[in-house]
Structures are given as C-alpha cells and as structure tokens.
Amino acid sequence: MIVTTPNVEYNARYETLHGHRHEDHRFEWTRDQFAAWTGRVCTGYGYTVEIRPVGETDRNSAPPTQLAFFRKG
C-alpha cells in the first residue's frame with residue numbers, strides 16, 4: 001500500500017501561504033507526525049513501512065511530499 005501526504009514543514013518556503021498548499025488537502029503532516037502515524041499502522045495491522053521523499057529535498061524543510069510504502073508481513 002502506498003500513502004502520500006504533503007510535508008507541512010515545506011510550507012515555510014511559501015511566504016504568503018496561510019493554511020494548506022491546496023484546498024483539496026485534508027491534512028498536511030510534519031515528518032514526525034507522519035512517522036508516528038505509519039508506526040501505529042504497522043503495529044496495529046502487521047505492516048512494515050519505508051518512508052521515502054517525493055520531490056526535490058530542501059535542506060531546511062525536507063521534501064515537499066512524503067510517501068509511505070507499506071508491506072504486509
């Protein structure tokens with residue numbers, strides 16, 4: 001299973017942005033929030049996960065999007 005979410009820490013690059021980067025985004029998580037959520041999914045449902053960056057990585061705020069690649073078993 002693959003899940004992606006915007007990295008809210010990346011939003012600091014947009015000086016005039018207030019809120020989410022796109023109106024369709026239901027949530028935007030920090031890297032720590034995303035890692036905690038993926039950990040709960042793995043514990044609760046027997047998955048392993050690899051978190052990967054999506055997009056060009058900014059040295060201060062990491063990538064604009066984060067991806068969790070879940071494997072069962």
# chains A, B, ... in the order shown; residues from 1 in each chain; ligands from 1
call {"tool": "residues_around", "arguments": {"residues": "Ala68 of chain A", "least_positions_apart": "3", "cutoff": "9 Å", "atoms": "only C-alpha atoms", "output": "list in words"}}
result
Met1, Ile2, Val3, Thr4, Thr5, Phe34, Ala35, Thr38, Val49, Glu50, Ile51, Arg52 and Pro53 of chain A
call {"tool": "select_by_dssp", "arguments": {"residues": "chain A", "states": "strand (DSSP E)", "output": "list of chain:residue names"}}
result
A:Ile2, A:Val3, A:Thr4, A:Thr5, A:Pro6, A:Tyr47, A:Thr48, A:Val49, A:Glu50, A:Ile51, A:Arg52, A:Pro53, A:Val54, A:Thr65, A:Gln66, A:Leu67, A:Ala68, A:Phe69, A:Phe70, A:Arg71, A:Lys72
call {"tool": "select_by_dssp", "arguments": {"residues": "chain A", "states": "alpha helix (DSSP H)", "output": "list of chain:residue names"}}
result
A:Arg31, A:Asp32, A:Gln33, A:Phe34, A:Ala35, A:Ala36, A:Trp37, A:Thr38, A:Gly39, A:Arg40, A:Val41, A:Cys42, A:Thr43, A:Gly44, A:Tyr45
call {"tool": "closest_residue", "arguments": {"among": "A:Arg71, A:Asn7, A:Thr48, A:Asp58", "to": "Asp32 of chain A", "atoms": "only C-alpha atoms"}}
result
A:Asn7
call {"tool": "atom_distance", "arguments": {"atom1": "atom CA of Arg59 of chain A", "atom2": "atom CA of Tyr10 of chain A"}}
result
10.1 Å
call {"tool": "decode", "arguments": {"residues": "segment 35-46 of chain A", "atoms": "all heavy atoms", "output": "PDB file, in the first residue's frame"}}
result
ATOM      1  N   ALA A  35       5.676   9.853  10.551  1.00  0.00           N
ATOM      2  CA  ALA A  35       6.377   8.667  11.060  1.00  0.00           C
ATOM      3  C   ALA A  35       5.596   8.028  12.208  1.00  0.00           C
ATOM      4  O   ALA A  35       5.502   6.796  12.291  1.00  0.00           O
ATOM      5  CB  ALA A  35       7.784   9.042  11.512  1.00  0.00           C
ATOM      6  N   ALA A  36       5.030   8.840  13.086  1.00  0.00           N
ATOM      7  CA  ALA A  36       4.243   8.295  14.199  1.00  0.00           C
ATOM      8  C   ALA A  36       3.000   7.577  13.686  1.00  0.00           C
ATOM      9  O   ALA A  36       2.664   6.480  14.153  1.00  0.00           O
ATOM     10  CB  ALA A  36       3.852   9.416  15.164  1.00  0.00           C
ATOM     11  N   TRP A  37       2.323   8.170  12.721  1.00  0.00           N
ATOM     12  CA  TRP A  37       1.124   7.543  12.155  1.00  0.00           C
ATOM     13  C   TRP A  37       1.470   6.225  11.468  1.00  0.00           C
ATOM     14  O   TRP A  37       0.794   5.220  11.680  1.00  0.00           O
ATOM     15  CB  TRP A  37       0.431   8.486  11.178  1.00  0.00           C
ATOM     16  CG  TRP A  37      -0.738   7.856  10.509  1.00  0.00           C
ATOM     17  CD1 TRP A  37      -1.996   7.682  11.033  1.00  0.00           C
ATOM     18  CD2 TRP A  37      -0.770   7.276   9.203  1.00  0.00           C
ATOM     19  NE1 TRP A  37      -2.806   7.036  10.122  1.00  0.00           N
ATOM     20  CE2 TRP A  37      -2.065   6.773   8.995  1.00  0.00           C
ATOM     21  CE3 TRP A  37       0.171   7.129   8.194  1.00  0.00           C
ATOM     22  CZ2 TRP A  37      -2.447   6.144   7.807  1.00  0.00           C
ATOM     23  CZ3 TRP A  37      -0.200   6.511   7.021  1.00  0.00           C
ATOM     24  CH2 TRP A  37      -1.497   6.017   6.841  1.00  0.00           C
ATOM     25  N   THR A  38       2.534   6.221  10.665  1.00  0.00           N
ATOM     26  CA  THR A  38       2.906   4.981   9.985  1.00  0.00           C
ATOM     27  C   THR A  38       3.297   3.904  10.997  1.00  0.00           C
ATOM     28  O   THR A  38       3.006   2.733  10.797  1.00  0.00           O
ATOM     29  CB  THR A  38       4.051   5.197   8.970  1.00  0.00           C
ATOM     30  OG1 THR A  38       5.213   5.683   9.642  1.00  0.00           O
ATOM     31  CG2 THR A  38       3.648   6.147   7.857  1.00  0.00           C
ATOM     32  N   GLY A  39       3.928   4.295  12.082  1.00  0.00           N
ATOM     33  CA  GLY A  39       4.280   3.341  13.131  1.00  0.00           C
ATOM     34  C   GLY A  39       3.046   2.702  13.760  1.00  0.00           C
ATOM     35  O   GLY A  39       3.019   1.490  14.009  1.00  0.00           O
ATOM     36  N   ARG A  40       2.019   3.516  13.996  1.00  0.00           N
ATOM     37  CA  ARG A  40       0.761   2.982  14.548  1.00  0.00           C
ATOM     38  C   ARG A  40       0.089   2.028  13.565  1.00  0.00           C
ATOM     39  O   ARG A  40      -0.442   0.987  13.968  1.00  0.00           O
ATOM     40  CB  ARG A  40      -0.184   4.120  14.932  1.00  0.00           C
ATOM     41  CG  ARG A  40       0.279   4.909  16.137  1.00  0.00           C
ATOM     42  CD  ARG A  40      -0.784   5.856  16.668  1.00  0.00           C
ATOM     43  NE  ARG A  40      -1.260   6.820  15.691  1.00  0.00           N
ATOM     44  CZ  ARG A  40      -0.698   7.998  15.447  1.00  0.00           C
ATOM     45  NH1 ARG A  40       0.393   8.360  16.105  1.00  0.00           N
ATOM     46  NH2 ARG A  40      -1.211   8.816  14.548  1.00  0.00           N
ATOM     47  N   VAL A  41       0.122   2.354  12.290  1.00  0.00           N
ATOM     48  CA  VAL A  41      -0.452   1.467  11.276  1.00  0.00           C
ATOM     49  C   VAL A  41       0.285   0.129  11.276  1.00  0.00           C
ATOM     50  O   VAL A  41      -0.337  -0.930  11.257  1.00  0.00           O
ATOM     51  CB  VAL A  41      -0.409   2.122   9.872  1.00  0.00           C
ATOM     52  CG1 VAL A  41      -0.759   1.119   8.790  1.00  0.00           C
ATOM     53  CG2 VAL A  41      -1.346   3.319   9.820  1.00  0.00           C
ATOM     54  N   CYS A  42       1.606   0.190  11.311  1.00  0.00           N
ATOM     55  CA  CYS A  42       2.403  -1.042  11.300  1.00  0.00           C
ATOM     56  C   CYS A  42       2.111  -1.901  12.527  1.00  0.00           C
ATOM     57  O   CYS A  42       1.919  -3.114  12.412  1.00  0.00           O
ATOM     58  CB  CYS A  42       3.886  -0.712  11.233  1.00  0.00           C
ATOM     59  SG  CYS A  42       4.384  -0.043   9.638  1.00  0.00           S
ATOM     60  N   THR A  43       2.072  -1.291  13.682  1.00  0.00           N
ATOM     61  CA  THR A  43       1.801  -2.019  14.920  1.00  0.00           C
ATOM     62  C   THR A  43       0.395  -2.612  14.923  1.00  0.00           C
ATOM     63  O   THR A  43       0.192  -3.755  15.305  1.00  0.00           O
ATOM     64  CB  THR A  43       1.970  -1.086  16.133  1.00  0.00           C
ATOM     65  OG1 THR A  43       3.321  -0.624  16.163  1.00  0.00           O
ATOM     66  CG2 THR A  43       1.646  -1.793  17.434  1.00  0.00           C
ATOM     67  N   GLY A  44      -0.558  -1.832  14.469  1.00  0.00           N
ATOM     68  CA  GLY A  44      -1.948  -2.270  14.520  1.00  0.00           C
ATOM     69  C   GLY A  44      -2.353  -3.274  13.460  1.00  0.00           C
ATOM     70  O   GLY A  44      -3.281  -4.066  13.675  1.00  0.00           O
ATOM     71  N   TYR A  45      -1.664  -3.271  12.326  1.00  0.00           N
ATOM     72  CA  TYR A  45      -2.127  -4.089  11.201  1.00  0.00           C
ATOM     73  C   TYR A  45      -1.067  -5.013  10.598  1.00  0.00           C
ATOM     74  O   TYR A  45      -1.302  -5.637   9.567  1.00  0.00           O
ATOM     75  CB  TYR A  45      -2.710  -3.188  10.106  1.00  0.00           C
ATOM     76  CG  TYR A  45      -3.896  -2.402  10.598  1.00  0.00           C
ATOM     77  CD1 TYR A  45      -3.750  -1.084  11.006  1.00  0.00           C
ATOM     78  CD2 TYR A  45      -5.153  -2.982  10.678  1.00  0.00           C
ATOM     79  CE1 TYR A  45      -4.834  -0.360  11.479  1.00  0.00           C
ATOM     80  CE2 TYR A  45      -6.246  -2.273  11.146  1.00  0.00           C
ATOM     81  CZ  TYR A  45      -6.072  -0.961  11.549  1.00  0.00           C
ATOM     82  OH  TYR A  45      -7.159  -0.256  12.018  1.00  0.00           O
ATOM     83  N   GLY A  46       0.100  -5.096  11.218  1.00  0.00           N
ATOM     84  CA  GLY A  46       1.107  -6.041  10.772  1.00  0.00           C
ATOM     85  C   GLY A  46       1.862  -5.673   9.509  1.00  0.00           C
ATOM     86  O   GLY A  46       2.296  -6.545   8.767  1.00  0.00           O
TER      87      GLY A  46
END
